[in-house]
Amino acid sequence: DAKTTQPPSMDCAEGRAANLPCNHSTISGNEYVYWYRQIHSQGPQYIIHGLKNNETNEMASLIITEDRKSSTLILPHATLRDTAVYYCIVRSRSYNTDKLIFGTGTRLQVFP
Amino acid sequence: GAGVSQSPSNKVTEKGKDVELRCDPISGHTALYWYRQSLGQGLEFLIYFQGNSAPDKSGLPSDRFSAERTGGSVSTLTIQRTQQEDSAVYLCASSFLGVLNTGELFFGEGSRLTVL
């Protein structure tokens, strides 16, 4: 049962910022938000994760709303190689489980 | 190797046959996961290992599916009496998990299973 909802597809011009939204209104207090992407025929690639604070790394920024019910992944300067399916994921961990709960993802198309 | 290694990369089998899929995690990673991805779909959790034990196998779709992990390293996913609906890409991932560590999962390239 997916805990996240994302738009099925988005377009972005090369060099522009890509802002990918995600809703996770049923997220629990100790569950993290993770973002992965999958380029055709490859295994998913980690991008970033966070709990409640905004996070930034060399790939992207993650903005999480104060109520934690939604987040946005920002690719600051999209390139053609960023074309992929982006998954917003809730990570559920406890003493007897650890799993990423994937939704259906957003297919991002970066165009020249 | 440096990453998660899976074999075979492609497997075509006939309905009713048994198949084994292998996963070599990153050295030192204590946690290992199996996921399944059907055509055009997101990833579906199958099973989670911590060391050699599997505290969560809730995602295995039927008793035809089983998995084991030995020596805290290599894992094998076995599907008995394969059916056409088992056709999918089976992905393995590993992670180093400490008490406070939220280490990312590293995925392999997957094993594509086609059941004729």
# chains A, B, ... in the order shown; residues from 1 in each chain; ligands from 1

call {"tool": "select_by_dssp", "arguments": {"residues": "region 1-107 of chain B", "states": "strand (DSSP E)", "output": "short mmCIF file (atom, residue, chain, number, x, y, z; two decimals) with all heavy atoms, in the first residue's frame"}}
result
data_model
loop_
_atom_site.label_atom_id
_atom_site.label_comp_id
_atom_site.auth_asym_id
_atom_site.auth_seq_id
_atom_site.Cartn_x
_atom_site.Cartn_y
_atom_site.Cartn_z
N SER B 5 25.75 -7.15 -6.72
CA SER B 5 25.82 -7.95 -7.93
C SER B 5 24.70 -8.98 -7.95
O SER B 5 24.47 -9.68 -6.95
CB SER B 5 27.17 -8.66 -8.00
OG SER B 5 27.27 -9.48 -9.14
N GLN B 6 23.99 -9.08 -9.07
CA GLN B 6 22.90 -10.05 -9.19
C GLN B 6 23.12 -10.95 -10.40
O GLN B 6 23.64 -10.50 -11.43
CB GLN B 6 21.55 -9.34 -9.35
CG GLN B 6 21.12 -8.58 -8.11
CD GLN B 6 19.71 -8.05 -8.23
OE1 GLN B 6 19.49 -6.83 -8.26
NE2 GLN B 6 18.75 -8.96 -8.31
N SER B 7 22.71 -12.20 -10.24
CA SER B 7 22.80 -13.12 -11.37
C SER B 7 21.66 -14.12 -11.33
O SER B 7 21.16 -14.44 -10.24
CB SER B 7 24.14 -13.86 -11.36
OG SER B 7 24.28 -14.62 -10.18
N ASN B 10 19.46 -12.11 -16.93
CA ASN B 10 18.25 -12.48 -17.66
C ASN B 10 18.01 -13.97 -17.52
O ASN B 10 18.95 -14.75 -17.62
CB ASN B 10 18.37 -12.15 -19.16
CG ASN B 10 18.04 -10.71 -19.45
OD1 ASN B 10 16.89 -10.31 -19.41
ND2 ASN B 10 19.05 -9.92 -19.72
N LYS B 11 16.75 -14.34 -17.31
CA LYS B 11 16.40 -15.75 -17.20
C LYS B 11 15.06 -15.97 -17.89
O LYS B 11 14.07 -15.31 -17.55
CB LYS B 11 16.32 -16.15 -15.73
CG LYS B 11 15.84 -17.59 -15.49
CD LYS B 11 16.89 -18.59 -15.87
CE LYS B 11 16.46 -20.01 -15.53
NZ LYS B 11 17.49 -21.01 -15.91
N VAL B 12 15.06 -16.88 -18.84
CA VAL B 12 13.81 -17.29 -19.49
C VAL B 12 13.55 -18.73 -19.09
O VAL B 12 14.43 -19.58 -19.22
CB VAL B 12 13.90 -17.16 -21.02
CG1 VAL B 12 12.58 -17.60 -21.65
CG2 VAL B 12 14.23 -15.73 -21.42
N THR B 13 12.36 -18.99 -18.62
CA THR B 13 12.03 -20.33 -18.15
C THR B 13 10.63 -20.70 -18.60
O THR B 13 9.83 -19.84 -18.99
CB THR B 13 12.16 -20.43 -16.63
OG1 THR B 13 12.09 -21.81 -16.23
CG2 THR B 13 11.04 -19.66 -15.94
N VAL B 19 13.17 -21.63 -10.37
CA VAL B 19 14.30 -20.75 -10.68
C VAL B 19 14.94 -20.25 -9.39
O VAL B 19 14.28 -20.14 -8.36
CB VAL B 19 13.90 -19.53 -11.54
CG1 VAL B 19 13.38 -19.97 -12.89
CG2 VAL B 19 12.88 -18.67 -10.84
N GLU B 20 16.24 -19.98 -9.49
CA GLU B 20 17.00 -19.40 -8.38
C GLU B 20 17.67 -18.13 -8.86
O GLU B 20 18.33 -18.12 -9.91
CB GLU B 20 18.05 -20.38 -7.87
CG GLU B 20 17.50 -21.52 -7.04
CD GLU B 20 18.61 -22.32 -6.38
OE1 GLU B 20 19.80 -22.09 -6.69
OE2 GLU B 20 18.29 -23.18 -5.54
N LEU B 21 17.50 -17.08 -8.08
CA LEU B 21 18.14 -15.80 -8.37
C LEU B 21 19.11 -15.49 -7.23
O LEU B 21 18.77 -15.65 -6.07
CB LEU B 21 17.08 -14.70 -8.51
CG LEU B 21 15.94 -14.99 -9.50
CD1 LEU B 21 14.91 -13.87 -9.46
CD2 LEU B 21 16.48 -15.18 -10.91
N ARG B 22 20.27 -15.00 -7.62
CA ARG B 22 21.34 -14.80 -6.62
C ARG B 22 21.65 -13.33 -6.45
O ARG B 22 21.61 -12.56 -7.41
CB ARG B 22 22.59 -15.55 -7.07
CG ARG B 22 23.81 -15.37 -6.18
CD ARG B 22 25.04 -15.99 -6.82
NE ARG B 22 26.26 -15.59 -6.15
CZ ARG B 22 26.94 -16.36 -5.30
NH1 ARG B 22 26.53 -17.59 -5.04
NH2 ARG B 22 28.04 -15.91 -4.73
N CYS B 23 22.00 -12.97 -5.21
CA CYS B 23 22.39 -11.60 -4.91
C CYS B 23 23.64 -11.60 -4.05
O CYS B 23 23.69 -12.25 -3.01
CB CYS B 23 21.27 -10.87 -4.18
SG CYS B 23 21.72 -9.22 -3.59
N ASP B 24 24.64 -10.84 -4.51
CA ASP B 24 25.87 -10.61 -3.74
C ASP B 24 25.85 -9.18 -3.25
O ASP B 24 26.01 -8.25 -4.05
CB ASP B 24 27.11 -10.81 -4.62
CG ASP B 24 27.69 -12.18 -4.50
OD1 ASP B 24 28.21 -12.48 -3.41
OD2 ASP B 24 27.63 -12.94 -5.47
N ALA B 31 22.25 -5.54 6.09
CA ALA B 31 20.86 -5.70 5.67
C ALA B 31 20.78 -5.99 4.18
O ALA B 31 21.57 -5.45 3.38
CB ALA B 31 20.05 -4.45 5.99
N LEU B 32 19.83 -6.85 3.83
CA LEU B 32 19.64 -7.20 2.42
C LEU B 32 18.15 -7.27 2.14
O LEU B 32 17.36 -7.71 2.99
CB LEU B 32 20.31 -8.55 2.12
CG LEU B 32 20.34 -9.03 0.66
CD1 LEU B 32 21.63 -9.77 0.36
CD2 LEU B 32 19.13 -9.87 0.32
N TYR B 33 17.77 -6.83 0.98
CA TYR B 33 16.35 -6.70 0.62
C TYR B 33 16.14 -7.27 -0.78
O TYR B 33 16.97 -7.11 -1.67
CB TYR B 33 15.92 -5.23 0.60
CG TYR B 33 16.42 -4.38 1.73
CD1 TYR B 33 17.75 -3.97 1.77
CD2 TYR B 33 15.56 -3.96 2.75
CE1 TYR B 33 18.22 -3.18 2.80
CE2 TYR B 33 16.03 -3.15 3.78
CZ TYR B 33 17.36 -2.77 3.80
OH TYR B 33 17.83 -1.98 4.82
N TRP B 34 14.95 -7.83 -0.99
CA TRP B 34 14.51 -8.22 -2.33
C TRP B 34 13.24 -7.44 -2.67
O TRP B 34 12.32 -7.32 -1.84
CB TRP B 34 14.21 -9.71 -2.41
CG TRP B 34 15.41 -10.59 -2.49
CD1 TRP B 34 16.03 -11.25 -1.46
CD2 TRP B 34 16.14 -10.95 -3.67
NE1 TRP B 34 17.09 -11.98 -1.92
CE2 TRP B 34 17.18 -11.82 -3.27
CE3 TRP B 34 16.02 -10.64 -5.02
CZ2 TRP B 34 18.10 -12.37 -4.19
CZ3 TRP B 34 16.93 -11.18 -5.92
CH2 TRP B 34 17.95 -12.03 -5.49
N TYR B 35 13.22 -6.91 -3.89
CA TYR B 35 12.05 -6.22 -4.42
C TYR B 35 11.73 -6.82 -5.78
O TYR B 35 12.56 -7.46 -6.43
CB TYR B 35 12.34 -4.72 -4.59
CG TYR B 35 12.33 -3.94 -3.30
CD1 TYR B 35 13.44 -3.97 -2.45
CD2 TYR B 35 11.22 -3.20 -2.92
CE1 TYR B 35 13.43 -3.27 -1.26
CE2 TYR B 35 11.20 -2.48 -1.73
CZ TYR B 35 12.32 -2.52 -0.91
OH TYR B 35 12.30 -1.82 0.27
N ARG B 36 10.50 -6.57 -6.23
CA ARG B 36 10.07 -7.04 -7.54
C ARG B 36 9.46 -5.85 -8.28
O ARG B 36 8.73 -5.04 -7.69
CB ARG B 36 9.04 -8.16 -7.39
CG ARG B 36 8.47 -8.66 -8.69
CD ARG B 36 7.67 -9.92 -8.50
NE ARG B 36 6.36 -9.68 -7.90
CZ ARG B 36 5.44 -10.63 -7.80
NH1 ARG B 36 5.68 -11.85 -8.24
NH2 ARG B 36 4.28 -10.35 -7.24
N GLN B 37 9.77 -5.77 -9.58
CA GLN B 37 9.23 -4.70 -10.40
C GLN B 37 8.62 -5.29 -11.66
O GLN B 37 9.34 -5.78 -12.53
CB GLN B 37 10.30 -3.67 -10.75
CG GLN B 37 9.77 -2.45 -11.47
CD GLN B 37 10.81 -1.36 -11.60
OE1 GLN B 37 12.01 -1.63 -11.73
NE2 GLN B 37 10.38 -0.11 -11.57
N LEU B 43 8.36 -0.42 -7.54
CA LEU B 43 8.95 -1.57 -6.86
C LEU B 43 8.07 -2.07 -5.73
O LEU B 43 7.52 -1.29 -4.96
CB LEU B 43 10.33 -1.21 -6.30
CG LEU B 43 11.50 -1.24 -7.29
CD1 LEU B 43 11.44 -0.10 -8.27
CD2 LEU B 43 12.82 -1.26 -6.53
N GLU B 44 8.00 -3.39 -5.64
CA GLU B 44 7.18 -4.06 -4.63
C GLU B 44 8.11 -4.80 -3.67
O GLU B 44 8.91 -5.65 -4.08
CB GLU B 44 6.25 -5.04 -5.35
CG GLU B 44 5.44 -5.96 -4.46
CD GLU B 44 4.75 -7.05 -5.27
OE1 GLU B 44 4.99 -7.16 -6.49
OE2 GLU B 44 3.96 -7.81 -4.68
N PHE B 45 8.01 -4.50 -2.38
CA PHE B 45 8.84 -5.15 -1.36
C PHE B 45 8.51 -6.62 -1.25
O PHE B 45 7.34 -7.01 -1.24
CB PHE B 45 8.60 -4.46 -0.02
CG PHE B 45 9.19 -5.18 1.16
CD1 PHE B 45 10.52 -5.05 1.49
CD2 PHE B 45 8.38 -6.00 1.95
CE1 PHE B 45 11.06 -5.71 2.58
CE2 PHE B 45 8.91 -6.67 3.04
CZ PHE B 45 10.24 -6.52 3.36
N LEU B 46 9.55 -7.45 -1.15
CA LEU B 46 9.35 -8.89 -0.96
C LEU B 46 9.80 -9.34 0.42
O LEU B 46 9.03 -9.94 1.16
CB LEU B 46 10.11 -9.67 -2.04
CG LEU B 46 9.67 -9.46 -3.49
CD1 LEU B 46 10.54 -10.30 -4.42
CD2 LEU B 46 8.20 -9.81 -3.67
N ILE B 47 11.07 -9.09 0.76
CA ILE B 47 11.62 -9.64 1.99
C ILE B 47 12.82 -8.81 2.44
O ILE B 47 13.51 -8.20 1.61
CB ILE B 47 12.03 -11.12 1.79
CG1 ILE B 47 12.42 -11.79 3.11
CG2 ILE B 47 13.15 -11.24 0.76
CD1 ILE B 47 12.56 -13.31 2.99
N TYR B 48 13.04 -8.80 3.76
CA TYR B 48 14.14 -8.07 4.37
C TYR B 48 14.94 -9.00 5.26
O TYR B 48 14.37 -9.72 6.08
CB TYR B 48 13.56 -6.90 5.18
CG TYR B 48 14.40 -6.38 6.32
CD1 TYR B 48 15.62 -5.77 6.10
CD2 TYR B 48 13.93 -6.47 7.64
CE1 TYR B 48 16.38 -5.27 7.15
CE2 TYR B 48 14.68 -5.97 8.69
CZ TYR B 48 15.89 -5.37 8.45
OH TYR B 48 16.64 -4.88 9.50
N PHE B 49 16.25 -8.99 5.09
CA PHE B 49 17.16 -9.76 5.93
C PHE B 49 17.98 -8.81 6.79
O PHE B 49 18.48 -7.78 6.31
CB PHE B 49 18.14 -10.57 5.07
CG PHE B 49 17.56 -11.78 4.42
CD1 PHE B 49 17.04 -11.72 3.13
CD2 PHE B 49 17.54 -13.00 5.09
CE1 PHE B 49 16.51 -12.84 2.52
CE2 PHE B 49 17.02 -14.13 4.48
CZ PHE B 49 16.50 -14.04 3.20
N GLN B 50 18.16 -9.19 8.04
CA GLN B 50 19.15 -8.55 8.89
C GLN B 50 20.09 -9.68 9.30
O GLN B 50 19.68 -10.58 10.05
CB GLN B 50 18.51 -7.89 10.11
CG GLN B 50 19.50 -7.22 11.05
CD GLN B 50 20.30 -6.12 10.38
OE1 GLN B 50 21.45 -6.28 9.94
NE2 GLN B 50 19.70 -4.94 10.30
N SER B 53 18.91 -13.70 9.24
CA SER B 53 17.50 -13.91 9.56
C SER B 53 16.62 -12.92 8.81
O SER B 53 17.06 -11.83 8.44
CB SER B 53 17.28 -13.78 11.06
OG SER B 53 17.56 -12.48 11.48
N ALA B 54 15.40 -13.33 8.56
CA ALA B 54 14.45 -12.52 7.79
C ALA B 54 13.27 -12.13 8.68
O ALA B 54 12.25 -12.83 8.68
CB ALA B 54 13.98 -13.29 6.56
N PRO B 55 13.40 -11.03 9.42
CA PRO B 55 12.30 -10.64 10.30
C PRO B 55 11.05 -10.19 9.56
O PRO B 55 9.97 -10.18 10.14
CB PRO B 55 12.89 -9.50 11.13
CG PRO B 55 14.03 -8.98 10.32
CD PRO B 55 14.57 -10.13 9.55
N ASP B 56 11.18 -9.81 8.30
CA ASP B 56 10.02 -9.37 7.56
C ASP B 56 10.01 -10.04 6.18
O ASP B 56 10.82 -9.69 5.33
CB ASP B 56 9.99 -7.85 7.41
CG ASP B 56 8.69 -7.34 6.80
OD1 ASP B 56 7.87 -8.16 6.32
OD2 ASP B 56 8.49 -6.12 6.80
N PHE B 65 7.39 -18.80 -3.21
CA PHE B 65 8.55 -17.93 -3.11
C PHE B 65 9.24 -18.16 -1.76
O PHE B 65 8.59 -18.21 -0.72
CB PHE B 65 8.13 -16.46 -3.17
CG PHE B 65 7.71 -15.99 -4.53
CD1 PHE B 65 6.50 -16.40 -5.07
CD2 PHE B 65 8.50 -15.13 -5.27
CE1 PHE B 65 6.10 -15.96 -6.33
CE2 PHE B 65 8.11 -14.69 -6.53
CZ PHE B 65 6.90 -15.10 -7.06
N SER B 66 10.57 -18.27 -1.81
CA SER B 66 11.34 -18.37 -0.59
C SER B 66 12.70 -17.71 -0.81
O SER B 66 13.13 -17.54 -1.95
CB SER B 66 11.52 -19.83 -0.16
OG SER B 66 12.25 -20.55 -1.14
N ALA B 67 13.35 -17.35 0.28
CA ALA B 67 14.67 -16.74 0.18
C ALA B 67 15.48 -17.14 1.38
O ALA B 67 14.93 -17.37 2.46
CB ALA B 67 14.57 -15.22 0.07
N GLU B 68 16.77 -17.23 1.16
CA GLU B 68 17.68 -17.48 2.27
C GLU B 68 18.93 -16.64 2.10
O GLU B 68 19.25 -16.17 1.00
CB GLU B 68 18.03 -18.96 2.37
CG GLU B 68 18.81 -19.52 1.20
CD GLU B 68 19.23 -20.96 1.44
OE1 GLU B 68 18.70 -21.60 2.36
OE2 GLU B 68 20.10 -21.44 0.69
N ARG B 69 19.60 -16.47 3.22
CA ARG B 69 20.87 -15.74 3.21
C ARG B 69 21.84 -16.50 4.10
O ARG B 69 21.48 -16.89 5.21
CB ARG B 69 20.67 -14.32 3.72
CG ARG B 69 21.91 -13.44 3.55
CD ARG B 69 21.67 -12.05 4.08
NE ARG B 69 22.82 -11.19 3.80
CZ ARG B 69 23.03 -10.03 4.38
NH1 ARG B 69 22.18 -9.55 5.28
NH2 ARG B 69 24.10 -9.30 4.06
N SER B 75 22.62 -13.99 -0.91
CA SER B 75 21.22 -14.40 -0.74
C SER B 75 20.73 -15.04 -2.04
O SER B 75 21.14 -14.65 -3.14
CB SER B 75 20.35 -13.20 -0.39
OG SER B 75 18.98 -13.57 -0.33
N THR B 76 19.82 -16.00 -1.86
CA THR B 76 19.19 -16.64 -3.00
C THR B 76 17.68 -16.53 -2.87
O THR B 76 17.12 -16.86 -1.82
CB THR B 76 19.58 -18.14 -3.08
OG1 THR B 76 21.00 -18.25 -3.16
CG2 THR B 76 18.96 -18.78 -4.31
N LEU B 77 17.03 -16.07 -3.92
CA LEU B 77 15.57 -16.03 -4.00
C LEU B 77 15.14 -17.18 -4.90
O LEU B 77 15.61 -17.29 -6.03
CB LEU B 77 15.08 -14.70 -4.57
CG LEU B 77 13.57 -14.55 -4.77
CD1 LEU B 77 12.85 -14.49 -3.42
CD2 LEU B 77 13.26 -13.29 -5.58
N THR B 78 14.29 -18.05 -4.38
CA THR B 78 13.85 -19.22 -5.14
C THR B 78 12.36 -19.11 -5.44
O THR B 78 11.58 -18.80 -4.53
CB THR B 78 14.12 -20.52 -4.37
OG1 THR B 78 15.52 -20.64 -4.09
CG2 THR B 78 13.68 -21.74 -5.18
N ILE B 79 12.00 -19.34 -6.67
CA ILE B 79 10.60 -19.38 -7.07
C ILE B 79 10.32 -20.78 -7.60
O ILE B 79 10.93 -21.22 -8.58
CB ILE B 79 10.27 -18.34 -8.15
CG1 ILE B 79 10.77 -16.95 -7.74
CG2 ILE B 79 8.76 -18.29 -8.41
CD1 ILE B 79 10.65 -15.89 -8.83
N ALA B 88 8.96 -10.63 -14.17
CA ALA B 88 9.25 -9.32 -13.60
C ALA B 88 10.76 -9.16 -13.51
O ALA B 88 11.52 -10.09 -13.79
CB ALA B 88 8.63 -9.17 -12.20
N VAL B 89 11.18 -7.98 -13.08
CA VAL B 89 12.59 -7.77 -12.72
C VAL B 89 12.68 -7.88 -11.21
O VAL B 89 11.94 -7.21 -10.48
CB VAL B 89 13.10 -6.39 -13.19
CG1 VAL B 89 14.53 -6.18 -12.72
CG2 VAL B 89 13.02 -6.28 -14.70
N TYR B 90 13.56 -8.73 -10.76
CA TYR B 90 13.76 -8.95 -9.32
C TYR B 90 15.03 -8.20 -8.92
O TYR B 90 16.12 -8.47 -9.43
CB TYR B 90 13.86 -10.43 -9.01
CG TYR B 90 12.51 -11.10 -9.17
CD1 TYR B 90 12.05 -11.50 -10.43
CD2 TYR B 90 11.66 -11.29 -8.08
CE1 TYR B 90 10.80 -12.06 -10.60
CE2 TYR B 90 10.41 -11.85 -8.24
CZ TYR B 90 9.98 -12.23 -9.50
OH TYR B 90 8.73 -12.78 -9.66
N LEU B 91 14.85 -7.24 -8.01
CA LEU B 91 15.94 -6.36 -7.59
C LEU B 91 16.36 -6.68 -6.17
O LEU B 91 15.53 -6.88 -5.29
CB LEU B 91 15.49 -4.90 -7.68
CG LEU B 91 15.32 -4.37 -9.11
CD1 LEU B 91 14.23 -3.32 -9.16
CD2 LEU B 91 16.63 -3.80 -9.62
N CYS B 92 17.65 -6.68 -5.98
CA CYS B 92 18.23 -6.88 -4.66
C CYS B 92 18.89 -5.57 -4.23
O CYS B 92 19.42 -4.82 -5.08
CB CYS B 92 19.25 -8.01 -4.71
SG CYS B 92 20.13 -8.30 -3.17
N ALA B 93 18.87 -5.30 -2.95
CA ALA B 93 19.53 -4.12 -2.40
C ALA B 93 20.20 -4.49 -1.09
O ALA B 93 19.81 -5.45 -0.43
CB ALA B 93 18.53 -2.98 -2.18
N SER B 94 21.21 -3.73 -0.72
CA SER B 94 21.83 -3.94 0.57
C SER B 94 22.09 -2.60 1.24
O SER B 94 22.10 -1.55 0.58
CB SER B 94 23.14 -4.74 0.44
OG SER B 94 24.17 -3.99 -0.17
N SER B 95 22.28 -2.66 2.55
CA SER B 95 22.48 -1.44 3.33
C SER B 95 23.24 -1.78 4.59
O SER B 95 23.13 -2.90 5.11
CB SER B 95 21.11 -0.83 3.68
OG SER B 95 21.24 0.28 4.53
N PHE B 106 21.48 0.37 -1.48
CA PHE B 106 22.15 0.31 -2.78
C PHE B 106 21.55 -0.85 -3.55
O PHE B 106 21.56 -1.99 -3.08
CB PHE B 106 23.66 0.09 -2.59
CG PHE B 106 24.37 1.25 -1.96
CD1 PHE B 106 24.38 1.40 -0.57
CD2 PHE B 106 25.02 2.19 -2.73
CE1 PHE B 106 25.04 2.47 0.02
CE2 PHE B 106 25.69 3.26 -2.14
CZ PHE B 106 25.69 3.39 -0.77
N PHE B 107 21.04 -0.55 -4.74
CA PHE B 107 20.37 -1.57 -5.54
C PHE B 107 21.31 -2.15 -6.59
O PHE B 107 22.19 -1.46 -7.13
CB PHE B 107 19.16 -0.97 -6.26
CG PHE B 107 17.96 -0.78 -5.39
CD1 PHE B 107 17.82 0.36 -4.62
CD2 PHE B 107 16.97 -1.74 -5.33
CE1 PHE B 107 16.71 0.55 -3.80
CE2 PHE B 107 15.85 -1.57 -4.52
CZ PHE B 107 15.72 -0.42 -3.76
#

call {"tool": "closest_atom_pairs", "arguments": {"of": "region 5-51 of chain A", "to": "region 94-106 of chain A", "cutoff": "8 Å", "atoms": "only C-alpha atoms", "output": "Markdown table"}}
result
| residue | atom | partner | partner_atom | distance |
| --- | --- | --- | --- | --- |
| A:Thr5 | CA | A:Gly103 | CA | 6.5 |
| A:Gln6 | CA | A:Gly105 | CA | 6.0 |
| A:Pro7 | CA | A:Thr106 | CA | 5.6 |
| A:Pro8 | CA | A:Thr106 | CA | 4.6 |
| A:Ser9 | CA | A:Thr106 | CA | 4.9 |
| A:Met10 | CA | A:Thr106 | CA | 6.9 |
| A:Leu20 | CA | A:Thr106 | CA | 7.7 |

call {"tool": "closest_residue", "arguments": {"among": "A:Tyr86, A:Phe111, A:Trp35, A:Tyr46", "to": "chain B", "atoms": "only C-alpha atoms"}}
result
A:Tyr46

call {"tool": "residues_around", "arguments": {"residues": "Cys22 (chain A)", "least_positions_apart": "6", "cutoff": "7 Å", "atoms": "only C-alpha atoms", "output": "number ranges by chain"}}
result
A: 4-6, 70-72, 88

call {"tool": "atom_distance", "arguments": {"atom1": "CA of Gly103 (chain B)", "atom2": "CA of His49 (chain A)"}}
result
9.6 Å

call {"tool": "atom_distance", "arguments": {"atom1": "CA of Ser9 (chain B)", "atom2": "CA of Arg112 (chain B)"}}
result
6.0 Å
